Amino acid sequence: MKQILLITDGCSNVGISPVVAAAQAYAQGVTVNVVGVVDEGDLGEFGTSEIEEIARAGGGLSRLAQTRQLSQTVQMLTRKTVVQTIQHAVQRELKQVLGSSSIESLPPEKRGEVVHVIDEL
């Protein structure tokens, strides 16, 4: 799974719309996660809206942070996206092993394959 972590104030003013760029990236298999650094007042309200739109168009997550919280927010979002990536990979691998069956309906040797896939990932 390919991902981008965009850090922005949400107030784009040059070039292609970041919402359009995020949608294009997502169409090419790249998830766009966004950390928005916002202030109080009008800039914060406008920025918040654009930040959420970018993440939605990019199929990703968004979090807002004040400048002093930026490092902590980036770390938290990075951890969350890593967990999400692992979950997607495990689900994809298990789907290949299970097909349309449930784990309970598998014979013991296939259950062993499932355990092996989980251990590998």
# chains A, B, ... in the order shown; residues from 1 in each chain; ligands from 1
call {"tool": "closest_atom_pairs", "arguments": {"of": "stretch 62-89 of chain A", "to": "stretch 10-31 of chain A", "cutoff": "12 Å", "atoms": "only C-alpha atoms", "output": "JSON lines"}}
result
{"residue": "A:Ser62", "atom": "CA", "partner": "A:Gly10", "partner_atom": "CA", "distance": 11.2}
{"residue": "A:Arg63", "atom": "CA", "partner": "A:Gly10", "partner_atom": "CA", "distance": 11.6}
{"residue": "A:Leu64", "atom": "CA", "partner": "A:Gly10", "partner_atom": "CA", "distance": 10.1}
{"residue": "A:Ala65", "atom": "CA", "partner": "A:Gly10", "partner_atom": "CA", "distance": 11.7}
{"residue": "A:Thr81", "atom": "CA", "partner": "A:Thr31", "partner_atom": "CA", "distance": 9.8}
{"residue": "A:Gln84", "atom": "CA", "partner": "A:Thr31", "partner_atom": "CA", "distance": 11.3}
{"residue": "A:Thr85", "atom": "CA", "partner": "A:Thr31", "partner_atom": "CA", "distance": 10.3}
call {"tool": "atom_distance", "arguments": {"atom1": "atom CA of A:Val35", "atom2": "atom CA of A:Gln3"}}
result
13.2 Å
call {"tool": "select_by_dssp", "arguments": {"residues": "chain A", "states": "strand (DSSP E)", "output": "PyMOL selection string"}}
result
chain A and resi 2-8+30-37+59-65
call {"tool": "write_last_selection", "arguments": {"atoms": "all heavy atoms", "output": "compact mmCIF listing (two decimals), in the first residue's frame"}}
result
# COMPACT_ATOMS: atom_id res chain seq x y z
N LYS A 2 0.70 2.10 -0.97
CA LYS A 2 1.47 3.33 -1.06
C LYS A 2 0.70 4.45 -0.37
O LYS A 2 -0.51 4.56 -0.52
CB LYS A 2 1.69 3.70 -2.52
CG LYS A 2 2.50 2.66 -3.27
CD LYS A 2 2.60 3.01 -4.72
CE LYS A 2 3.28 1.91 -5.50
NZ LYS A 2 3.28 2.18 -6.92
N GLN A 3 1.43 5.27 0.38
CA GLN A 3 0.80 6.34 1.13
C GLN A 3 1.63 7.61 1.09
O GLN A 3 2.85 7.55 0.99
CB GLN A 3 0.61 5.94 2.59
CG GLN A 3 -0.29 4.76 2.77
CD GLN A 3 -0.58 4.49 4.22
OE1 GLN A 3 -0.70 5.42 5.02
NE2 GLN A 3 -0.69 3.24 4.59
N ILE A 4 0.93 8.72 1.21
CA ILE A 4 1.56 10.02 1.33
C ILE A 4 1.03 10.64 2.62
O ILE A 4 -0.15 10.52 2.93
CB ILE A 4 1.18 10.95 0.15
CG1 ILE A 4 1.76 10.45 -1.15
CG2 ILE A 4 1.61 12.39 0.43
CD1 ILE A 4 1.27 11.21 -2.37
N LEU A 5 1.90 11.30 3.36
CA LEU A 5 1.48 12.07 4.51
C LEU A 5 1.70 13.53 4.17
O LEU A 5 2.84 13.99 4.06
CB LEU A 5 2.26 11.69 5.77
CG LEU A 5 1.92 12.48 7.03
CD1 LEU A 5 0.43 12.38 7.37
CD2 LEU A 5 2.77 12.01 8.20
N LEU A 6 0.62 14.25 3.95
CA LEU A 6 0.66 15.66 3.59
C LEU A 6 0.48 16.50 4.85
O LEU A 6 -0.45 16.27 5.62
CB LEU A 6 -0.46 15.97 2.60
CG LEU A 6 -0.70 17.42 2.24
CD1 LEU A 6 0.50 17.99 1.48
CD2 LEU A 6 -1.97 17.57 1.42
N ILE A 7 1.36 17.46 5.05
CA ILE A 7 1.23 18.41 6.15
C ILE A 7 0.94 19.76 5.52
O ILE A 7 1.70 20.24 4.69
CB ILE A 7 2.51 18.46 7.00
CG1 ILE A 7 2.78 17.06 7.59
CG2 ILE A 7 2.38 19.49 8.10
CD1 ILE A 7 4.08 16.94 8.33
N THR A 8 -0.18 20.35 5.90
CA THR A 8 -0.65 21.58 5.25
C THR A 8 -1.42 22.46 6.22
O THR A 8 -1.92 21.98 7.23
CB THR A 8 -1.55 21.22 4.04
OG1 THR A 8 -2.01 22.43 3.41
CG2 THR A 8 -2.76 20.41 4.45
N VAL A 30 -2.50 5.40 -4.49
CA VAL A 30 -1.76 6.05 -3.41
C VAL A 30 -2.76 6.71 -2.46
O VAL A 30 -3.55 7.56 -2.87
CB VAL A 30 -0.79 7.12 -3.95
CG1 VAL A 30 -0.05 7.81 -2.81
CG2 VAL A 30 0.18 6.51 -4.94
N THR A 31 -2.73 6.30 -1.20
CA THR A 31 -3.60 6.89 -0.18
C THR A 31 -2.96 8.18 0.32
O THR A 31 -1.76 8.23 0.57
CB THR A 31 -3.78 5.91 0.99
OG1 THR A 31 -4.35 4.70 0.48
CG2 THR A 31 -4.68 6.49 2.06
N VAL A 32 -3.78 9.22 0.46
CA VAL A 32 -3.28 10.51 0.93
C VAL A 32 -3.83 10.79 2.32
O VAL A 32 -5.04 10.97 2.50
CB VAL A 32 -3.68 11.65 -0.04
CG1 VAL A 32 -3.15 12.99 0.46
CG2 VAL A 32 -3.20 11.36 -1.45
N ASN A 33 -2.95 10.77 3.31
CA ASN A 33 -3.30 11.11 4.69
C ASN A 33 -2.84 12.54 4.94
O ASN A 33 -1.82 12.97 4.40
CB ASN A 33 -2.60 10.16 5.67
CG ASN A 33 -3.02 8.73 5.43
OD1 ASN A 33 -4.16 8.36 5.64
ND2 ASN A 33 -2.09 7.90 4.95
N VAL A 34 -3.59 13.27 5.76
CA VAL A 34 -3.33 14.70 5.90
C VAL A 34 -3.27 15.10 7.37
O VAL A 34 -4.15 14.76 8.17
CB VAL A 34 -4.44 15.54 5.22
CG1 VAL A 34 -4.10 17.02 5.28
CG2 VAL A 34 -4.67 15.09 3.79
N VAL A 35 -2.21 15.84 7.72
CA VAL A 35 -2.13 16.51 9.01
C VAL A 35 -2.29 17.99 8.72
O VAL A 35 -1.51 18.56 7.95
CB VAL A 35 -0.79 16.25 9.74
CG1 VAL A 35 -0.70 17.11 11.00
CG2 VAL A 35 -0.66 14.77 10.09
N GLY A 36 -3.31 18.57 9.31
CA GLY A 36 -3.56 19.99 9.11
C GLY A 36 -3.08 20.81 10.29
O GLY A 36 -3.44 20.54 11.43
N VAL A 37 -2.23 21.78 10.00
CA VAL A 37 -1.76 22.70 11.02
C VAL A 37 -2.63 23.94 10.91
O VAL A 37 -2.56 24.67 9.93
CB VAL A 37 -0.27 23.07 10.81
CG1 VAL A 37 0.21 23.98 11.92
CG2 VAL A 37 0.57 21.80 10.75
N GLY A 59 -8.74 9.13 0.01
CA GLY A 59 -9.03 7.86 0.67
C GLY A 59 -8.28 7.65 1.98
O GLY A 59 -8.13 6.54 2.45
N GLY A 60 -7.83 8.76 2.58
CA GLY A 60 -7.01 8.65 3.78
C GLY A 60 -7.64 9.22 5.03
O GLY A 60 -8.83 9.52 5.07
N LEU A 61 -6.81 9.39 6.02
CA LEU A 61 -7.20 9.93 7.31
C LEU A 61 -6.75 11.38 7.43
O LEU A 61 -5.79 11.78 6.77
CB LEU A 61 -6.54 9.12 8.44
CG LEU A 61 -6.80 7.62 8.44
CD1 LEU A 61 -5.91 6.94 9.47
CD2 LEU A 61 -8.26 7.34 8.75
N SER A 62 -7.43 12.13 8.27
CA SER A 62 -6.98 13.50 8.53
C SER A 62 -6.99 13.77 10.02
O SER A 62 -7.82 13.23 10.75
CB SER A 62 -7.86 14.53 7.81
OG SER A 62 -9.17 14.53 8.35
N ARG A 63 -6.05 14.56 10.45
CA ARG A 63 -5.97 15.00 11.84
C ARG A 63 -5.57 16.47 11.83
O ARG A 63 -4.81 16.92 10.98
CB ARG A 63 -4.92 14.22 12.63
CG ARG A 63 -5.25 12.75 12.82
CD ARG A 63 -6.48 12.55 13.70
NE ARG A 63 -6.79 11.16 13.90
CZ ARG A 63 -7.59 10.44 13.12
NH1 ARG A 63 -8.14 10.96 12.06
NH2 ARG A 63 -7.83 9.18 13.40
N LEU A 64 -6.08 17.20 12.80
CA LEU A 64 -5.75 18.62 12.94
C LEU A 64 -4.81 18.79 14.13
O LEU A 64 -4.92 18.07 15.12
CB LEU A 64 -7.01 19.44 13.17
CG LEU A 64 -8.06 19.36 12.06
CD1 LEU A 64 -9.30 20.15 12.45
CD2 LEU A 64 -7.50 19.84 10.75
N ALA A 65 -3.91 19.75 14.01
CA ALA A 65 -2.96 19.99 15.10
C ALA A 65 -2.58 21.46 15.15
O ALA A 65 -2.50 22.13 14.13
CB ALA A 65 -1.70 19.15 14.88
call {"tool": "select_by_dssp", "arguments": {"residues": "stretch 6-112 of chain A", "states": "alpha helix (DSSP H)", "output": "PyMOL selection string"}}
result
chain A and resi 18-27+42-57+70-98+108-112
call {"tool": "atom_distance", "arguments": {"atom1": "atom CA of A:Glu93", "atom2": "atom CA of A:Arg79"}}
result
21.3 Å
call {"tool": "atom_distance", "arguments": {"atom1": "atom CA of A:His88", "atom2": "atom CA of A:Met1"}}
result
8.3 Å
